[in-house]
$ cat target-v4.cif   # mmCIF, C-alpha atoms
data_target
loop_
_atom_site.label_atom_id
_atom_site.label_comp_id
_atom_site.auth_asym_id
_atom_site.auth_seq_id
_atom_site.Cartn_x
_atom_site.Cartn_y
_atom_site.Cartn_z
CA MET E 1 11.38 -46.55 -15.41
CA SER E 2 9.68 -48.67 -18.04
CA GLY E 3 12.34 -51.27 -18.79
CA SER E 4 13.08 -49.56 -22.12
CA LYS E 5 15.96 -47.12 -22.04
CA ARG E 6 14.83 -45.58 -25.31
CA LEU E 7 11.28 -45.03 -24.08
CA ASP E 8 12.50 -43.67 -20.76
CA ALA E 9 14.79 -41.27 -22.63
CA LEU E 10 11.90 -40.02 -24.76
CA ARG E 11 9.77 -39.56 -21.65
CA ALA E 12 12.62 -37.66 -20.03
CA ALA E 13 12.75 -35.46 -23.13
CA GLY E 14 9.13 -34.53 -22.53
CA VAL E 15 7.23 -37.01 -24.68
CA GLY E 16 3.86 -37.63 -23.04
CA PHE E 17 2.08 -39.64 -25.74
CA VAL E 18 3.35 -42.52 -27.85
CA ALA E 19 1.44 -44.23 -30.66
CA GLY E 20 2.66 -47.09 -32.77
CA VAL E 21 2.57 -50.58 -34.18
CA PRO E 22 5.13 -53.09 -32.87
CA CYS E 23 8.15 -54.51 -34.67
CA SER E 24 10.28 -57.41 -33.43
CA TYR E 25 13.28 -55.04 -33.57
CA LEU E 26 11.48 -52.81 -31.04
CA LYS E 27 10.40 -55.43 -28.51
CA ARG E 28 11.87 -53.66 -25.51
CA PHE E 29 10.47 -50.34 -26.58
CA PHE E 30 6.95 -51.70 -26.96
CA ALA E 31 7.22 -53.71 -23.76
CA GLY E 32 7.91 -50.40 -22.06
CA CYS E 33 4.97 -48.77 -23.80
CA ALA E 34 2.65 -51.42 -22.40
CA GLU E 35 3.57 -50.22 -18.90
CA LEU E 36 2.51 -46.63 -19.58
CA PRO E 37 -0.80 -45.21 -18.32
CA PRO E 38 -3.66 -45.76 -20.80
CA SER E 39 -3.71 -42.09 -21.78
CA ALA E 40 -0.02 -42.15 -22.75
CA PHE E 41 0.12 -45.04 -25.21
CA LEU E 42 -2.01 -45.76 -28.27
CA PRO E 43 -1.57 -49.31 -29.59
CA ALA E 44 -2.52 -48.47 -33.17
CA VAL E 45 -3.86 -50.94 -35.71
CA ARG E 46 -1.92 -49.35 -38.58
CA GLU E 47 0.85 -46.80 -38.71
CA ASP E 48 -1.09 -44.03 -40.46
CA HIS E 49 -3.57 -43.96 -37.58
CA ALA E 50 -0.68 -43.76 -35.14
CA VAL E 51 0.89 -40.68 -36.70
CA ALA E 52 -2.53 -39.04 -37.16
CA ALA E 53 -3.29 -39.58 -33.46
CA CYS E 54 0.05 -37.93 -32.69
CA VAL E 55 -1.19 -34.84 -34.54
CA GLY E 56 -4.21 -34.78 -32.26
CA ALA E 57 -2.11 -35.08 -29.12
CA TRP E 58 0.23 -32.34 -30.38
CA LEU E 59 -2.69 -30.02 -31.12
CA GLY E 60 -3.77 -30.58 -27.54
CA GLY E 61 -0.36 -29.59 -26.20
CA THR E 62 1.14 -33.00 -25.52
CA ARG E 63 4.51 -33.78 -27.04
CA SER E 64 4.00 -37.02 -28.94
CA ALA E 65 6.11 -39.68 -30.67
CA ALA E 66 5.41 -42.56 -33.05
CA ALA E 67 7.07 -45.97 -33.24
CA MET E 68 6.85 -48.55 -36.01
CA GLN E 69 8.55 -50.88 -38.46
CA ASN E 70 9.97 -49.16 -41.53
CA SER E 71 7.38 -50.98 -43.64
CA GLY E 72 4.82 -48.74 -41.95
CA LEU E 73 6.34 -45.61 -43.45
CA GLY E 74 4.50 -46.33 -46.67
CA TYR E 75 1.16 -46.31 -44.89
CA CYS E 76 2.15 -43.08 -43.15
CA LEU E 77 3.20 -41.12 -46.18
CA GLU E 78 -0.11 -39.38 -46.88
CA VAL E 79 -0.43 -38.28 -43.25
CA LEU E 80 3.19 -37.19 -42.94
CA THR E 81 2.88 -35.10 -46.10
CA SER E 82 -0.62 -33.64 -45.74
CA LEU E 83 -0.55 -33.08 -41.98
CA HIS E 84 2.93 -33.01 -40.49
CA LEU E 85 4.92 -31.52 -43.36
CA MET E 86 2.10 -29.30 -44.64
CA CYS E 87 1.02 -27.94 -41.25
CA GLY E 88 4.45 -27.87 -39.61
CA VAL E 89 3.75 -30.51 -36.97
CA PRO E 90 6.83 -31.98 -35.24
CA LEU E 91 6.99 -35.75 -34.74
CA PRO E 92 9.81 -37.79 -33.23
CA MET E 93 9.69 -41.23 -34.85
CA VAL E 94 11.34 -44.45 -33.70
CA VAL E 95 11.50 -46.68 -36.77
CA SER E 96 13.02 -50.13 -37.05
CA ASP E 97 15.72 -50.53 -39.66
CA ARG E 98 14.64 -53.73 -41.40
CA GLY E 99 15.82 -54.93 -44.76
CA ASP E 100 19.53 -55.69 -44.68
CA PRO E 101 20.56 -58.46 -47.07
CA ALA E 102 20.32 -61.09 -44.31
CA ASP E 103 16.76 -60.03 -43.39
CA TYR E 104 13.67 -61.75 -44.72
CA GLU E 105 12.59 -61.05 -48.30
CA GLU E 106 9.48 -59.07 -47.37
CA HIS E 107 11.61 -56.42 -45.66
CA ARG E 108 14.18 -55.86 -48.37
CA ILE E 109 12.56 -53.75 -51.09
CA LEU E 110 11.25 -50.97 -48.87
CA GLY E 111 13.86 -51.53 -46.18
CA GLN E 112 16.77 -50.93 -48.51
CA ARG E 113 15.18 -47.67 -49.68
CA THR E 114 14.15 -46.28 -46.30
CA ARG E 115 16.89 -43.64 -46.25
CA GLN E 116 16.11 -42.57 -49.83
CA LEU E 117 12.43 -42.34 -48.95
CA LEU E 118 13.13 -40.09 -45.97
CA ASP E 119 15.58 -37.99 -47.96
CA LEU E 120 12.99 -37.55 -50.72
CA PHE E 121 10.67 -35.81 -48.25
CA ALA E 122 13.50 -34.00 -46.44
CA ILE E 123 12.80 -35.86 -43.22
CA PRO E 124 15.94 -35.85 -41.06
CA TRP E 125 17.13 -39.26 -39.86
CA ARG E 126 19.98 -40.90 -38.03
CA GLU E 127 20.94 -44.38 -36.95
CA ALA E 128 20.56 -45.48 -33.36
CA ARG E 129 23.48 -46.76 -31.31
CA ALA E 130 23.15 -48.87 -28.18
CA GLY E 131 24.02 -46.72 -25.18
CA ALA E 132 23.18 -43.39 -26.85
CA GLU E 133 19.47 -43.45 -26.05
CA GLU E 134 19.33 -40.20 -24.09
CA GLU E 135 21.25 -38.15 -26.63
CA GLU E 136 19.21 -39.67 -29.45
CA ALA E 137 15.93 -38.87 -27.74
CA ARG E 138 16.99 -35.25 -27.30
CA TRP E 139 18.03 -35.14 -30.96
CA LEU E 140 14.62 -36.47 -32.05
CA VAL E 141 12.68 -33.94 -30.00
CA GLU E 142 14.90 -30.95 -30.69
CA THR E 143 15.27 -31.61 -34.41
CA SER E 144 11.58 -32.24 -35.03
CA GLU E 145 10.55 -29.16 -33.05
CA ARG E 146 13.16 -26.87 -34.54
CA GLU E 147 12.35 -27.94 -38.09
CA ARG E 148 8.63 -28.44 -37.46
CA ARG E 149 8.62 -31.79 -39.21
CA PRO E 150 9.07 -35.48 -38.46
CA ALA E 151 12.52 -36.72 -37.49
CA VAL E 152 13.41 -40.41 -37.62
CA LEU E 153 15.66 -42.58 -35.52
CA LEU E 154 16.41 -45.81 -37.40
CA VAL E 155 16.80 -48.66 -34.93
CA GLY E 156 18.64 -51.80 -35.99
CA LYS E 157 18.28 -55.13 -34.24
CA ALA E 158 21.23 -54.48 -31.95
CA ALA E 159 19.93 -51.09 -30.82
CA ASP E 160 16.65 -52.20 -29.23
CA ALA E 161 16.97 -50.92 -25.69
CA MET A 1 -31.21 -32.37 -45.21
CA THR A 2 -28.08 -31.18 -46.94
CA ARG A 3 -24.71 -32.04 -45.47
CA ALA A 4 -24.06 -28.35 -44.84
CA GLU A 5 -27.30 -28.08 -42.84
CA ALA A 6 -26.35 -31.16 -40.82
CA VAL A 7 -22.87 -29.79 -40.11
CA ALA A 8 -24.37 -26.48 -38.98
CA LEU A 9 -26.89 -28.24 -36.73
CA ALA A 10 -24.19 -30.37 -35.12
CA LEU A 11 -21.92 -27.37 -34.54
CA SER A 12 -24.79 -25.45 -32.95
CA MET A 13 -24.86 -28.07 -30.20
CA LEU A 14 -21.23 -27.67 -29.19
CA GLY A 15 -20.19 -25.84 -26.08
CA ASP A 16 -17.35 -23.32 -26.03
CA ASP A 17 -14.90 -25.82 -24.55
CA ASP A 18 -15.62 -28.63 -26.98
CA ILE A 19 -12.86 -29.52 -29.43
CA ALA A 20 -13.83 -30.45 -33.00
CA VAL A 21 -11.95 -32.04 -35.86
CA ALA A 22 -13.52 -31.62 -39.31
CA ALA A 23 -12.73 -34.07 -42.10
CA ASP A 24 -10.91 -32.87 -45.18
CA GLY A 25 -12.79 -31.37 -48.08
CA ALA A 26 -16.38 -30.26 -48.02
CA ILE A 27 -16.99 -31.04 -44.34
CA SER A 28 -14.19 -28.70 -43.21
CA ARG A 29 -15.37 -25.96 -45.55
CA GLU A 30 -18.96 -26.26 -44.41
CA ALA A 31 -17.91 -26.31 -40.76
CA TYR A 32 -15.90 -23.14 -41.27
CA ASN A 33 -18.73 -21.38 -43.04
CA ALA A 34 -21.40 -22.48 -40.57
CA ARG A 35 -19.56 -21.61 -37.36
CA ASP A 36 -15.86 -20.94 -37.27
CA ARG A 37 -14.36 -21.81 -33.89
CA ARG A 38 -10.83 -21.53 -32.59
CA ARG A 39 -11.23 -25.03 -31.18
CA THR A 40 -12.03 -26.62 -34.55
CA PHE A 41 -9.24 -28.19 -36.57
CA TYR A 42 -9.91 -28.12 -40.30
CA MET A 43 -8.27 -30.96 -42.20
CA LEU A 44 -7.16 -30.52 -45.78
CA GLY A 45 -5.77 -33.93 -46.70
CA SER A 46 -5.26 -37.23 -44.91
CA MET A 47 -8.67 -38.60 -45.83
CA GLY A 48 -9.76 -41.27 -43.37
CA GLN A 49 -7.83 -39.91 -40.39
CA VAL A 50 -10.31 -37.61 -38.67
CA ALA A 51 -11.23 -40.16 -36.00
CA SER A 52 -7.56 -40.91 -35.32
CA ILE A 53 -6.75 -37.23 -34.82
CA ALA A 54 -9.78 -36.93 -32.57
CA LEU A 55 -8.63 -39.99 -30.64
CA GLY A 56 -5.22 -38.44 -29.97
CA LEU A 57 -7.01 -35.37 -28.64
CA ALA A 58 -9.53 -37.35 -26.61
CA MET A 59 -6.83 -39.44 -24.94
CA THR A 60 -4.80 -36.41 -23.87
CA ARG A 61 -7.51 -33.79 -23.15
CA ARG A 62 -10.40 -33.72 -20.72
CA GLU A 63 -12.83 -31.81 -22.94
CA ARG A 64 -15.36 -33.38 -25.24
CA VAL A 65 -13.86 -34.07 -28.68
CA VAL A 66 -16.13 -34.21 -31.73
CA ALA A 67 -15.07 -35.86 -34.99
CA LEU A 68 -16.99 -34.65 -38.05
CA ASP A 69 -16.46 -37.55 -40.42
CA GLY A 70 -17.75 -38.59 -43.83
CA ASP A 71 -18.89 -42.04 -44.89
CA GLY A 72 -16.17 -42.36 -47.52
CA ASN A 73 -13.62 -41.06 -45.03
CA LEU A 74 -14.69 -43.57 -42.40
CA LEU A 75 -14.55 -46.44 -44.88
CA MET A 76 -11.03 -45.41 -45.89
CA GLY A 77 -9.80 -45.32 -42.30
CA PHE A 78 -11.97 -48.16 -41.04
CA GLY A 79 -9.31 -49.35 -38.60
CA ALA A 80 -9.98 -46.25 -36.52
CA LEU A 81 -13.33 -47.79 -35.54
CA ALA A 82 -11.40 -50.58 -33.84
CA LEU A 83 -9.13 -48.08 -32.11
CA VAL A 84 -11.97 -45.95 -30.76
CA GLY A 85 -14.26 -48.89 -29.99
CA GLY A 86 -11.46 -50.83 -28.35
CA LEU A 87 -9.97 -48.02 -26.28
CA LYS A 88 -13.32 -46.39 -25.48
CA PRO A 89 -12.43 -42.75 -24.82
CA ALA A 90 -15.54 -41.51 -23.00
CA ASN A 91 -15.13 -37.97 -24.35
CA LEU A 92 -15.10 -38.83 -28.06
CA HIS A 93 -18.23 -38.15 -30.14
CA HIS A 94 -18.11 -39.35 -33.72
CA LEU A 95 -20.54 -38.00 -36.31
CA VAL A 96 -20.66 -39.48 -39.80
CA LEU A 97 -22.20 -37.21 -42.44
CA ASP A 98 -23.38 -40.06 -44.63
CA ASN A 99 -24.33 -39.13 -48.19
CA GLY A 100 -23.68 -42.61 -49.58
CA CYS A 101 -21.23 -41.38 -52.18
CA TYR A 102 -18.01 -39.56 -52.96
CA ALA A 103 -19.73 -36.26 -53.62
CA THR A 104 -16.63 -34.12 -54.11
CA THR A 105 -15.29 -36.31 -56.89
CA GLY A 106 -18.50 -36.65 -58.87
CA GLY A 107 -20.93 -38.64 -56.75
CA GLN A 108 -19.50 -42.11 -57.24
CA PRO A 109 -21.39 -44.54 -54.98
CA ALA A 110 -19.75 -45.50 -51.67
CA LEU A 111 -20.08 -48.86 -49.96
CA SER A 112 -21.83 -47.14 -47.07
CA ARG A 113 -24.95 -47.97 -49.08
CA GLN A 114 -24.31 -51.64 -48.25
CA VAL A 115 -22.32 -51.41 -44.99
CA ASP A 116 -24.16 -50.45 -41.80
CA LEU A 117 -21.66 -48.04 -40.23
CA ALA A 118 -23.50 -47.76 -36.91
CA ALA A 119 -23.61 -51.55 -36.59
CA ALA A 120 -19.91 -51.72 -37.44
CA ALA A 121 -19.14 -49.19 -34.71
CA ALA A 122 -21.26 -51.14 -32.22
CA GLY A 123 -19.41 -54.30 -33.18
CA ALA A 124 -16.12 -52.51 -32.63
CA GLY A 125 -17.19 -51.60 -29.11
CA TYR A 126 -18.73 -48.12 -29.21
CA PRO A 127 -21.25 -48.20 -26.33
CA TRP A 128 -23.65 -45.80 -28.12
CA THR A 129 -24.42 -45.93 -31.83
CA ARG A 130 -27.39 -44.92 -33.92
CA ARG A 131 -28.31 -44.47 -37.58
CA CYS A 132 -30.54 -41.52 -38.40
CA ALA A 133 -32.19 -41.77 -41.81
CA ARG A 134 -35.07 -39.29 -41.38
CA ASP A 135 -34.58 -35.53 -41.42
CA ALA A 136 -37.36 -35.17 -38.86
CA ASP A 137 -35.29 -37.15 -36.33
CA ALA A 138 -31.99 -35.41 -36.94
CA ARG A 139 -32.21 -32.73 -34.27
CA ALA A 140 -33.27 -35.13 -31.54
CA ASP A 141 -30.75 -37.77 -32.56
CA LEU A 142 -27.93 -35.22 -32.58
CA GLY A 143 -29.02 -34.12 -29.12
CA ASP A 144 -28.96 -37.70 -27.86
CA TRP A 145 -25.58 -38.32 -29.52
CA ILE A 146 -23.83 -35.32 -28.04
CA ALA A 147 -25.20 -36.11 -24.57
CA ALA A 148 -24.48 -39.84 -24.71
CA PRO A 149 -21.60 -41.43 -22.80
CA GLY A 150 -18.84 -41.84 -25.33
CA PRO A 151 -17.49 -43.04 -27.51
CA ALA A 152 -20.72 -42.39 -29.38
CA LEU A 153 -21.26 -42.64 -33.14
CA LEU A 154 -24.20 -41.19 -35.05
CA ASP A 155 -24.51 -42.20 -38.70
CA LEU A 156 -26.51 -39.27 -40.03
CA VAL A 157 -27.91 -39.75 -43.51
CA VAL A 158 -27.74 -36.56 -45.61
CA ASP A 159 -28.58 -35.69 -49.20
CA ALA A 160 -26.39 -37.19 -51.88
CA ALA A 161 -26.67 -34.05 -53.98
CA ASP A 162 -23.87 -31.58 -53.36
CA PRO A 163 -25.11 -28.03 -53.96
CA ALA A 164 -22.69 -25.21 -54.63
CA PRO A 165 -19.52 -26.14 -52.74
CA ALA A 166 -18.44 -23.95 -49.86
CA PRO A 167 -15.27 -21.92 -50.45
CA ARG A 168 -11.94 -23.09 -49.06
CA VAL A 169 -11.01 -22.12 -45.52
CA PRO A 170 -9.05 -18.85 -45.84
CA MET A 171 -6.12 -19.83 -43.64
CA THR A 172 -2.82 -21.50 -44.39
CA PRO A 173 -2.37 -25.07 -43.14
CA GLU A 174 0.13 -23.86 -40.55
CA GLU A 175 -2.30 -21.22 -39.31
CA MET A 176 -5.09 -23.79 -38.96
CA ALA A 177 -2.95 -26.05 -36.82
CA GLU A 178 -1.33 -23.28 -34.80
CA ARG A 179 -4.63 -21.61 -34.05
CA VAL A 180 -6.11 -24.76 -32.51
CA ARG A 181 -2.94 -25.47 -30.59
CA ALA A 182 -2.86 -21.94 -29.20
CA ALA A 183 -6.54 -22.07 -28.24
CA LEU A 184 -5.99 -25.34 -26.37
CA ALA A 185 -2.81 -24.08 -24.73
CA ALA A 186 -4.83 -21.19 -23.33
CA GLY A 187 -6.92 -23.51 -21.17
#

$ encode --input "target-v4.cif" --output "structure tokens"
Amino acid sequence: MSGSKRLDALRAAGVGFVAGVPCSYLKRFFAGCAELPPSAFLPAVREDHAVAACVGAWLGGTRSAAAMQNSGLGYCLEVLTSLHLMCGVPLPMVVSDRGDPADYEEHRILGQRTRQLLDLFAIPWREARAGAEEEEARWLVETSERERRPAVLLVGKAADA
Amino acid sequence: MTRAEAVALALSMLGDDDIAVAADGAISREAYNARDRRRTFYMLGSMGQVASIALGLAMTRRERVVALDGDGNLLMGFGALALVGGLKPANLHHLVLDNGCYATTGGQPALSRQVDLAAAAAGAGYPWTRRCARDADARADLGDWIAAPGPALLDLVVDAADPAPAPRVPMTPEEMAERVRAALAAG
């Protein structure tokens, strides 16, 4: 047990490699990641490297997941389109849901268009609920593997677990 | 030395178990034409991400993982130097085919003419780095690089001129990914 219910649920769903860049909405998740063995967590310097590393782990047979702030989706877009979507690589993604009207200015423009952005590239998404971590982890893994594409769980401030 | 000759020389040094990731564009095409291997992943897009893909492989596999990178690619994904140098996967071998320009798009000069990529990798924490600027040294330097404790980076200077481009890899993107995954699942 890592101290993060969401991370533990992903591990229980078979995820053996996590790569990401922290967000303050995902403090518990990343605190859990820091407890993983060195081969199971990549603390990336930018989100595009994280999702690219997940492609490598997947090619090698390890189920992988990425975690990041929604601002990082912009950096990821080239990799998600020219690797994951083009090659049919599954990727469960835990993405913070920044940008509500009470959030800081820098989060609002992309944050308020996160769902549109995902819809534009036909990336399935759903919103996280506290207490539903296990079911959500199974949804992420099963959806991304069935559809051979990324799937996104949007995590609001109250759903960090 | 042309880039295609350098790619072929590097691939000739790989063992059957080694895993390779070839950067998008000419490097992938030349790797395919020189020596197609089931354990080579040929990138099409995602310029700048070859080292990150190789890192994900190196962290989760025991075999040697070779990244066939370009100088423009490396400059685009420069943060990957920090990832590899900081995390130090001992099985990752990083080769930069350095032609000093963006050959595919018309030969526009790249900043690799001013930036010492081997020194940057050393600064990031790669325990073994070298720049090879003489064709006569290439074979020996590649031999040292592939045998060095990783992560190891060789900045191999190749001709700027891009002779007749190699044809595209005759597989779909899905086939390229699935083939590598199946080969690695087999052992």

$ resolve_selection --input "target-v4.cif" --expression "the PyMOL selection byres ((chain E) within 10 of (chain A))" --output "compact mmCIF listing (two decimals) with C-alpha atoms, keeping the file's coordinate frame"
# COMPACT_ATOMS: atom_id res chain seq x y z
CA GLY E 16 3.86 -37.63 -23.04
CA PHE E 17 2.08 -39.64 -25.74
CA VAL E 18 3.35 -42.52 -27.85
CA ALA E 19 1.44 -44.23 -30.66
CA PRO E 38 -3.66 -45.76 -20.80
CA SER E 39 -3.71 -42.09 -21.78
CA ALA E 40 -0.02 -42.15 -22.75
CA PHE E 41 0.12 -45.04 -25.21
CA LEU E 42 -2.01 -45.76 -28.27
CA PRO E 43 -1.57 -49.31 -29.59
CA ALA E 44 -2.52 -48.47 -33.17
CA VAL E 45 -3.86 -50.94 -35.71
CA ARG E 46 -1.92 -49.35 -38.58
CA ASP E 48 -1.09 -44.03 -40.46
CA HIS E 49 -3.57 -43.96 -37.58
CA ALA E 50 -0.68 -43.76 -35.14
CA VAL E 51 0.89 -40.68 -36.70
CA ALA E 52 -2.53 -39.04 -37.16
CA ALA E 53 -3.29 -39.58 -33.46
CA CYS E 54 0.05 -37.93 -32.69
CA VAL E 55 -1.19 -34.84 -34.54
CA GLY E 56 -4.21 -34.78 -32.26
CA ALA E 57 -2.11 -35.08 -29.12
CA TRP E 58 0.23 -32.34 -30.38
CA LEU E 59 -2.69 -30.02 -31.12
CA GLY E 60 -3.77 -30.58 -27.54
CA GLY E 61 -0.36 -29.59 -26.20
CA THR E 62 1.14 -33.00 -25.52
CA SER E 64 4.00 -37.02 -28.94
CA CYS E 76 2.15 -43.08 -43.15
CA LEU E 77 3.20 -41.12 -46.18
CA GLU E 78 -0.11 -39.38 -46.88
CA VAL E 79 -0.43 -38.28 -43.25
CA LEU E 80 3.19 -37.19 -42.94
CA THR E 81 2.88 -35.10 -46.10
CA SER E 82 -0.62 -33.64 -45.74
CA LEU E 83 -0.55 -33.08 -41.98
CA HIS E 84 2.93 -33.01 -40.49
CA LEU E 85 4.92 -31.52 -43.36
CA MET E 86 2.10 -29.30 -44.64
CA CYS E 87 1.02 -27.94 -41.25
CA GLY E 88 4.45 -27.87 -39.61
CA VAL E 89 3.75 -30.51 -36.97

$ atom_distance --input "target-v4.cif" --atom1 "CA of Pro92 (chain E)" --atom2 "CA of Trp125 (chain E)"
10.0 Å

$ residues_near_point --input "target-v4.cif" --point "(-26.8, -37.1, -25.3)" --cutoff "12 Å" --atoms "only C-alpha atoms" --output "list in words"
Met13, Leu14, Asn91, His93, Trp128, Thr129, Arg130, Arg139, Ala140, Asp141, Leu142, Gly143, Asp144, Trp145, Ile146, Ala147, Ala148, Pro149, Gly150, Pro151, Ala152, Leu153 and Leu154 of chain A

$ resolve_selection --input "target-v4.cif" --expression "the PyMOL selection byres ((chain A and resi 97) around 7)" --output "list in words"
Arg3, Asp69, Gly70, Asp71, Leu95, Val96, Asp98, Asn99, Asp155, Leu156, Val157 and Val158 of chain A

$ atom_distance --input "target-v4.cif" --atom1 "CA of Glu30 (chain A)" --atom2 "CA of Gln108 (chain A)"
20.4 Å

$ resolve_selection --input "target-v4.cif" --expression "the PyMOL selection byres ((chain E and resi 116-118) around 12)" --output "VMD selection string"
chain E and resid 70 to 71 73 to 74 76 to 77 80 to 81 93 95 109 to 115 119 to 126 149 to 154

$ atom_distance --input "target-v4.cif" --atom1 "CA of Leu7 (chain E)" --atom2 "CA of Cys33 (chain E)"
7.3 Å

$ closest_residue --input "target-v4.cif" --among "A:Ser12, A:Arg134, A:Ala119, A:Ala90" --to "Glu63 (chain A)" --atoms "all atoms listed in the file"
A:Ala90

$ residues_near_point --input "target-v4.cif" --point "(11.0, -54.2, -30.8)" --cutoff "12 Å" --atoms "all atoms listed in the file" --output "ChimeraX atom specification"
/E:4,6-7,20-33,67-70,94-98,154-161

$ residues_around --input "target-v4.cif" --residues "Ala161 (chain A)" --least-positions-apart "6" --cutoff "8 Å" --atoms "all atoms listed in the file" --output "VMD selection string"
chain A and resid 2 103 107

$ residues_around --input "target-v4.cif" --residues "Met1 (chain A)" --least-positions-apart "4" --cutoff "7 Å" --atoms "only C-alpha atoms" --output "ChimeraX atom specification"
/A:5-6,135,158-159

$ closest_residue --input "target-v4.cif" --among "E:Leu36, E:Leu91, E:Glu47, E:Glu127" --to "Arg11 (chain E)" --atoms "only C-alpha atoms"
E:Leu36

$ closest_residue --input "target-v4.cif" --among "A:Leu75, A:Cys132, A:Met171, A:Ala138" --to "Gln114 (chain A)" --atoms "all atoms listed in the file"
A:Leu75

$ residues_around --input "target-v4.cif" --residues "Ser28 (chain A)" --least-positions-apart "2" --cutoff "9 Å" --atoms "all atoms listed in the file" --output "number ranges by chain"
A: 21-26, 30-33, 41-44, 68, 168-169

$ closest_residue --input "target-v4.cif" --among "E:Glu136, E:Arg63, E:Pro90, E:Arg146" --to "Gly14 (chain E)" --atoms "all atoms listed in the file"
E:Arg63

$ build_atoms --input "target-v4.cif" --residues "region 79-96 of chain A" --atoms "N, CA and C atoms" --output "tab-separated table (two decimals), in the frame of the given file"
chain	number	residue	atom	x	y	z
A	79	GLY	N	-10.00	-48.85	-39.78
A	79	GLY	CA	-9.31	-49.35	-38.60
A	79	GLY	C	-9.49	-48.45	-37.40
A	80	ALA	N	-9.79	-47.17	-37.64
A	80	ALA	CA	-9.98	-46.25	-36.52
A	80	ALA	C	-11.21	-46.64	-35.70
A	81	LEU	N	-12.18	-47.31	-36.32
A	81	LEU	CA	-13.33	-47.79	-35.54
A	81	LEU	C	-12.87	-48.75	-34.46
A	82	ALA	N	-11.92	-49.63	-34.82
A	82	ALA	CA	-11.40	-50.58	-33.84
A	82	ALA	C	-10.64	-49.85	-32.74
A	83	LEU	N	-9.88	-48.83	-33.11
A	83	LEU	CA	-9.13	-48.08	-32.11
A	83	LEU	C	-10.06	-47.40	-31.11
A	84	VAL	N	-11.06	-46.69	-31.64
A	84	VAL	CA	-11.97	-45.95	-30.76
A	84	VAL	C	-12.85	-46.92	-29.98
A	85	GLY	N	-13.39	-47.92	-30.67
A	85	GLY	CA	-14.26	-48.89	-29.99
A	85	GLY	C	-13.51	-49.72	-28.97
A	86	GLY	N	-12.25	-50.01	-29.27
A	86	GLY	CA	-11.46	-50.83	-28.35
A	86	GLY	C	-10.96	-50.04	-27.15
A	87	LEU	N	-10.56	-48.81	-27.37
A	87	LEU	CA	-9.97	-48.02	-26.28
A	87	LEU	C	-11.02	-47.22	-25.52
A	88	LYS	N	-12.16	-46.98	-26.15
A	88	LYS	CA	-13.32	-46.39	-25.48
A	88	LYS	C	-13.08	-45.05	-24.76
A	89	PRO	N	-12.53	-44.07	-25.45
A	89	PRO	CA	-12.43	-42.75	-24.82
A	89	PRO	C	-13.84	-42.17	-24.60
A	90	ALA	N	-14.17	-41.90	-23.35
A	90	ALA	CA	-15.54	-41.51	-23.00
A	90	ALA	C	-15.89	-40.12	-23.51
A	91	ASN	N	-14.88	-39.35	-23.91
A	91	ASN	CA	-15.13	-37.97	-24.35
A	91	ASN	C	-15.11	-37.82	-25.86
A	92	LEU	N	-15.17	-38.93	-26.59
A	92	LEU	CA	-15.10	-38.83	-28.06
A	92	LEU	C	-16.49	-39.05	-28.67
A	93	HIS	N	-16.92	-38.09	-29.48
A	93	HIS	CA	-18.23	-38.15	-30.14
A	93	HIS	C	-18.01	-38.09	-31.64
A	94	HIS	N	-18.46	-39.12	-32.31
A	94	HIS	CA	-18.11	-39.35	-33.72
A	94	HIS	C	-19.38	-39.21	-34.56
A	95	LEU	N	-19.38	-38.23	-35.44
A	95	LEU	CA	-20.54	-38.00	-36.31
A	95	LEU	C	-20.14	-38.32	-37.74
A	96	VAL	N	-20.92	-39.17	-38.39
A	96	VAL	CA	-20.66	-39.48	-39.80
A	96	VAL	C	-21.73	-38.79	-40.64
